[in-house]
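Structure file input08.cif (mmCIF, N, CA, C and O atoms) follows.
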```cif
data_protein
loop_
_atom_site.label_atom_id
_atom_site.label_comp_id
_atom_site.auth_asym_id
_atom_site.auth_seq_id
_atom_site.Cartn_x
_atom_site.Cartn_y
_atom_site.Cartn_z
N MET D 849 26.04 26.39 -31.98
CA MET D 849 24.95 25.52 -32.39
C MET D 849 24.50 24.70 -31.19
O MET D 849 25.24 24.50 -30.25
N PHE D 850 23.33 24.21 -31.22
CA PHE D 850 22.74 23.52 -30.08
C PHE D 850 22.72 22.01 -30.26
O PHE D 850 21.91 21.33 -29.65
N THR D 851 23.64 21.43 -31.06
CA THR D 851 23.64 19.98 -31.25
C THR D 851 23.83 19.25 -29.93
O THR D 851 23.28 18.17 -29.75
N ALA D 852 24.57 19.83 -29.00
CA ALA D 852 24.75 19.19 -27.69
C ALA D 852 23.41 19.07 -26.97
O ALA D 852 23.14 18.06 -26.32
N GLU D 853 22.57 20.09 -27.09
CA GLU D 853 21.24 20.06 -26.47
C GLU D 853 20.40 18.94 -27.08
O GLU D 853 19.72 18.20 -26.36
N LEU D 854 20.49 18.77 -28.38
CA LEU D 854 19.73 17.72 -29.05
C LEU D 854 20.29 16.34 -28.72
O LEU D 854 19.53 15.39 -28.50
N GLN D 855 21.61 16.22 -28.63
CA GLN D 855 22.22 14.95 -28.24
C GLN D 855 21.82 14.58 -26.81
O GLN D 855 21.55 13.42 -26.51
N SER D 856 21.75 15.57 -25.95
CA SER D 856 21.32 15.33 -24.58
C SER D 856 19.87 14.85 -24.56
O SER D 856 19.52 13.92 -23.82
N TRP D 857 19.02 15.44 -25.39
CA TRP D 857 17.63 15.02 -25.46
C TRP D 857 17.54 13.58 -25.96
O TRP D 857 16.75 12.79 -25.45
N LEU D 858 18.36 13.23 -26.94
CA LEU D 858 18.36 11.86 -27.48
C LEU D 858 18.76 10.83 -26.42
O LEU D 858 18.29 9.70 -26.45
N ALA D 859 19.60 11.24 -25.48
CA ALA D 859 20.03 10.32 -24.42
C ALA D 859 18.89 10.04 -23.45
O ALA D 859 18.85 8.98 -22.82
N ASN D 860 17.95 10.98 -23.33
CA ASN D 860 16.80 10.82 -22.43
C ASN D 860 15.58 11.44 -23.11
O ASN D 860 15.11 12.50 -22.70
N PRO D 861 15.06 10.77 -24.16
CA PRO D 861 14.00 11.39 -24.95
C PRO D 861 12.67 11.50 -24.21
O PRO D 861 12.17 10.53 -23.65
N ASP D 862 12.17 12.70 -24.18
CA ASP D 862 10.86 12.98 -23.58
C ASP D 862 10.18 13.99 -24.51
O ASP D 862 10.66 15.11 -24.67
N PRO D 863 9.08 13.59 -25.14
CA PRO D 863 8.42 14.51 -26.08
C PRO D 863 8.10 15.88 -25.48
O PRO D 863 8.11 16.88 -26.18
N LYS D 864 7.84 15.93 -24.19
CA LYS D 864 7.51 17.21 -23.54
C LYS D 864 8.69 18.17 -23.50
O LYS D 864 8.51 19.37 -23.42
N SER D 865 9.91 17.62 -23.53
CA SER D 865 11.08 18.48 -23.38
C SER D 865 11.88 18.65 -24.67
O SER D 865 12.99 19.19 -24.65
N PHE D 866 11.34 18.20 -25.81
CA PHE D 866 12.06 18.35 -27.08
C PHE D 866 12.33 19.83 -27.34
O PHE D 866 11.44 20.67 -27.18
N PRO D 867 13.56 20.17 -27.75
CA PRO D 867 13.92 21.59 -27.96
C PRO D 867 13.38 22.14 -29.27
O PRO D 867 14.10 22.65 -30.12
N TYR D 868 12.07 22.05 -29.45
CA TYR D 868 11.42 22.47 -30.69
C TYR D 868 11.72 23.93 -31.04
O TYR D 868 12.08 24.25 -32.17
N ASP D 869 11.58 24.82 -30.08
CA ASP D 869 11.81 26.24 -30.35
C ASP D 869 13.24 26.50 -30.80
O ASP D 869 13.47 27.30 -31.71
N ALA D 870 14.20 25.81 -30.21
CA ALA D 870 15.59 25.99 -30.60
C ALA D 870 15.84 25.47 -32.02
O ALA D 870 16.57 26.09 -32.80
N VAL D 871 15.21 24.36 -32.37
CA VAL D 871 15.35 23.81 -33.72
C VAL D 871 14.78 24.79 -34.75
O VAL D 871 15.44 25.13 -35.74
N VAL D 872 13.57 25.26 -34.50
CA VAL D 872 12.94 26.19 -35.43
C VAL D 872 13.74 27.49 -35.53
O VAL D 872 13.96 28.01 -36.63
N ARG D 873 14.20 27.97 -34.40
CA ARG D 873 14.99 29.21 -34.38
C ARG D 873 16.26 29.04 -35.23
O ARG D 873 16.63 29.93 -35.99
N HIS D 874 16.91 27.88 -35.12
CA HIS D 874 18.13 27.65 -35.91
C HIS D 874 17.80 27.58 -37.40
O HIS D 874 18.52 28.17 -38.22
N PHE D 875 16.74 26.87 -37.76
CA PHE D 875 16.34 26.80 -39.16
C PHE D 875 16.05 28.20 -39.70
O PHE D 875 16.45 28.52 -40.82
N HIS D 876 15.38 29.02 -38.92
CA HIS D 876 15.08 30.38 -39.36
C HIS D 876 16.34 31.23 -39.48
O HIS D 876 16.43 32.09 -40.35
N SER D 877 17.31 31.00 -38.61
CA SER D 877 18.51 31.84 -38.63
C SER D 877 19.45 31.51 -39.79
O SER D 877 20.10 32.41 -40.32
N VAL D 878 19.52 30.24 -40.19
CA VAL D 878 20.45 29.87 -41.27
C VAL D 878 19.77 29.57 -42.58
O VAL D 878 20.41 29.57 -43.62
N GLY D 879 18.48 29.29 -42.55
CA GLY D 879 17.76 28.88 -43.76
C GLY D 879 17.83 27.37 -43.93
O GLY D 879 18.85 26.75 -43.62
N LYS D 880 16.75 26.77 -44.40
CA LYS D 880 16.67 25.31 -44.44
C LYS D 880 17.72 24.67 -45.34
O LYS D 880 18.11 23.53 -45.12
N HIS D 881 18.21 25.38 -46.33
CA HIS D 881 19.21 24.82 -47.23
C HIS D 881 20.62 24.85 -46.65
O HIS D 881 21.53 24.26 -47.20
N PHE D 882 20.80 25.53 -45.52
CA PHE D 882 22.12 25.69 -44.92
C PHE D 882 22.24 25.07 -43.53
O PHE D 882 23.20 25.34 -42.81
N VAL D 883 21.28 24.22 -43.18
CA VAL D 883 21.35 23.51 -41.90
C VAL D 883 22.49 22.49 -42.00
O VAL D 883 22.56 21.74 -42.98
N PRO D 884 23.39 22.45 -41.03
CA PRO D 884 24.53 21.54 -41.09
C PRO D 884 24.09 20.07 -41.14
O PRO D 884 23.10 19.69 -40.50
N PRO D 885 24.82 19.26 -41.89
CA PRO D 885 24.49 17.83 -41.99
C PRO D 885 24.44 17.12 -40.64
O PRO D 885 23.64 16.21 -40.46
N GLU D 886 25.27 17.55 -39.67
CA GLU D 886 25.26 16.91 -38.36
C GLU D 886 23.90 17.09 -37.68
O GLU D 886 23.40 16.18 -37.04
N LEU D 887 23.33 18.28 -37.82
CA LEU D 887 22.03 18.54 -37.23
C LEU D 887 20.94 17.73 -37.92
O LEU D 887 20.07 17.16 -37.27
N LEU D 888 21.02 17.64 -39.23
CA LEU D 888 20.04 16.84 -39.97
C LEU D 888 20.12 15.37 -39.57
O LEU D 888 19.09 14.69 -39.44
N LYS D 889 21.33 14.89 -39.32
CA LYS D 889 21.51 13.50 -38.89
C LYS D 889 20.86 13.28 -37.52
O LYS D 889 20.17 12.28 -37.30
N LEU D 890 21.06 14.22 -36.60
CA LEU D 890 20.45 14.10 -35.27
C LEU D 890 18.93 14.14 -35.36
O LEU D 890 18.23 13.38 -34.69
N LEU D 891 18.40 15.02 -36.20
CA LEU D 891 16.95 15.10 -36.36
C LEU D 891 16.39 13.83 -36.99
O LEU D 891 15.29 13.40 -36.65
N ALA D 892 17.17 13.20 -37.87
CA ALA D 892 16.74 11.92 -38.45
C ALA D 892 16.68 10.84 -37.37
O ALA D 892 15.78 10.00 -37.37
N GLU D 893 17.63 10.88 -36.43
CA GLU D 893 17.60 9.93 -35.31
C GLU D 893 16.35 10.14 -34.47
O GLU D 893 15.71 9.18 -34.04
N VAL D 894 15.99 11.40 -34.24
CA VAL D 894 14.78 11.71 -33.48
C VAL D 894 13.57 11.14 -34.22
O VAL D 894 12.72 10.47 -33.64
N ARG D 895 13.50 11.40 -35.51
CA ARG D 895 12.37 10.91 -36.32
C ARG D 895 12.26 9.39 -36.26
O ARG D 895 11.17 8.84 -36.13
N ASP D 896 13.40 8.70 -36.31
CA ASP D 896 13.40 7.24 -36.29
C ASP D 896 12.90 6.68 -34.96
O ASP D 896 12.35 5.58 -34.93
N MET D 897 13.10 7.42 -33.88
CA MET D 897 12.66 6.90 -32.58
C MET D 897 11.23 7.28 -32.23
O MET D 897 10.66 6.77 -31.28
N LEU D 898 10.59 8.15 -33.01
CA LEU D 898 9.24 8.60 -32.69
C LEU D 898 8.23 7.47 -32.48
O LEU D 898 7.43 7.54 -31.55
N PRO D 899 8.23 6.42 -33.31
CA PRO D 899 7.23 5.37 -33.08
C PRO D 899 7.33 4.72 -31.70
O PRO D 899 6.34 4.19 -31.20
N SER D 900 8.49 4.76 -31.08
CA SER D 900 8.65 4.12 -29.77
C SER D 900 8.35 5.05 -28.60
O SER D 900 8.34 4.61 -27.45
N LEU D 901 8.11 6.32 -28.86
CA LEU D 901 7.85 7.29 -27.79
C LEU D 901 6.36 7.46 -27.57
O LEU D 901 5.57 7.41 -28.51
N ARG D 902 6.02 7.69 -26.34
CA ARG D 902 4.62 8.00 -26.01
C ARG D 902 4.46 9.51 -26.06
O ARG D 902 5.25 10.25 -25.50
N GLY D 903 3.43 9.95 -26.73
CA GLY D 903 3.18 11.38 -26.84
C GLY D 903 2.75 11.97 -25.50
O GLY D 903 2.17 11.28 -24.68
N PRO D 904 3.00 13.24 -25.31
CA PRO D 904 2.63 13.89 -24.06
C PRO D 904 1.13 14.19 -23.98
O PRO D 904 0.63 14.53 -22.93
N TRP D 905 0.44 14.08 -25.10
CA TRP D 905 -0.98 14.38 -25.12
C TRP D 905 -1.73 13.12 -25.54
O TRP D 905 -1.42 12.51 -26.54
N PRO D 906 -2.74 12.73 -24.79
CA PRO D 906 -3.45 11.47 -25.08
C PRO D 906 -4.08 11.45 -26.47
O PRO D 906 -4.18 10.40 -27.08
N HIS D 907 -4.48 12.60 -26.99
CA HIS D 907 -5.17 12.62 -28.27
C HIS D 907 -4.22 12.73 -29.47
O HIS D 907 -4.66 12.74 -30.61
N VAL D 908 -2.92 12.83 -29.24
CA VAL D 908 -1.95 12.95 -30.32
C VAL D 908 -1.07 11.71 -30.32
O VAL D 908 -0.50 11.35 -29.32
N ARG D 909 -1.00 11.07 -31.47
CA ARG D 909 -0.13 9.90 -31.60
C ARG D 909 1.15 10.32 -32.30
O ARG D 909 1.13 11.07 -33.25
N THR D 910 2.29 9.81 -31.83
CA THR D 910 3.55 10.11 -32.48
C THR D 910 3.81 9.13 -33.60
O THR D 910 3.29 8.05 -33.61
#
```
Would you mind writing the structure in this file as structure tokens?
Amino acid sequence: MFTAELQSWLANPDPKSFPYDAVVRHFHSVGKHFVPPELLKLLAEVRDMLPSLRGPWPHVRT
């Protein structure tokens, strides 16, 4: 699992480098009902910090 990659991103959050493809790939491989709680917790942390991040695109607000 790539939780280490997500934890690393949380330590230095940059919207341009979020491992979006890896997250989607994992959801597709296990199914949304079988995503481990640890991963959901990390994604909730990402969601909670979004208001404080600047988006990589001027026309998109996080």
Exercise for review: Would you list the contacts of Phe850 of chain D as a ChimeraX atom specification, taking every protein, DNA or RNA residue within 10 Å and counting only C-alpha atoms, but skipping same-chain residues closer than 2 positions in sequence?
Suggested key: /D:852-856,867,870-871,874,887
Check your understanding: Between atom CA of Gly879 of chain D and atom CA of Leu891 of chain D, what is the distance, to one decimal in Å?
Key -> 15.7 Å
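Take atom C of Arg873 of chain D and atom CA of Thr851 of chain D: the distance between them is 12.3 Å.
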Exercise for review: Would you mind telling me which residue in D:His881, D:Leu858, D:Asp869, D:Lys864 lies nearest to Glu893 of chain D when using only N, CA, C and O atoms?
Suggested key: D:Leu858
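From atom C of Arg902 of chain D back to atom CA of Pro863 of chain D, the distance works out to 6.4 Å.
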Centre and edges of the segment 855-864 of chain D box, axis-aligned, 6 Å extra per side, as JSON:
```
{"center_x": 14.9, "center_y": 14.2, "center_z": -25.5, "size_x": 26.7, "size_y": 22.4, "size_z": 18.2}
```
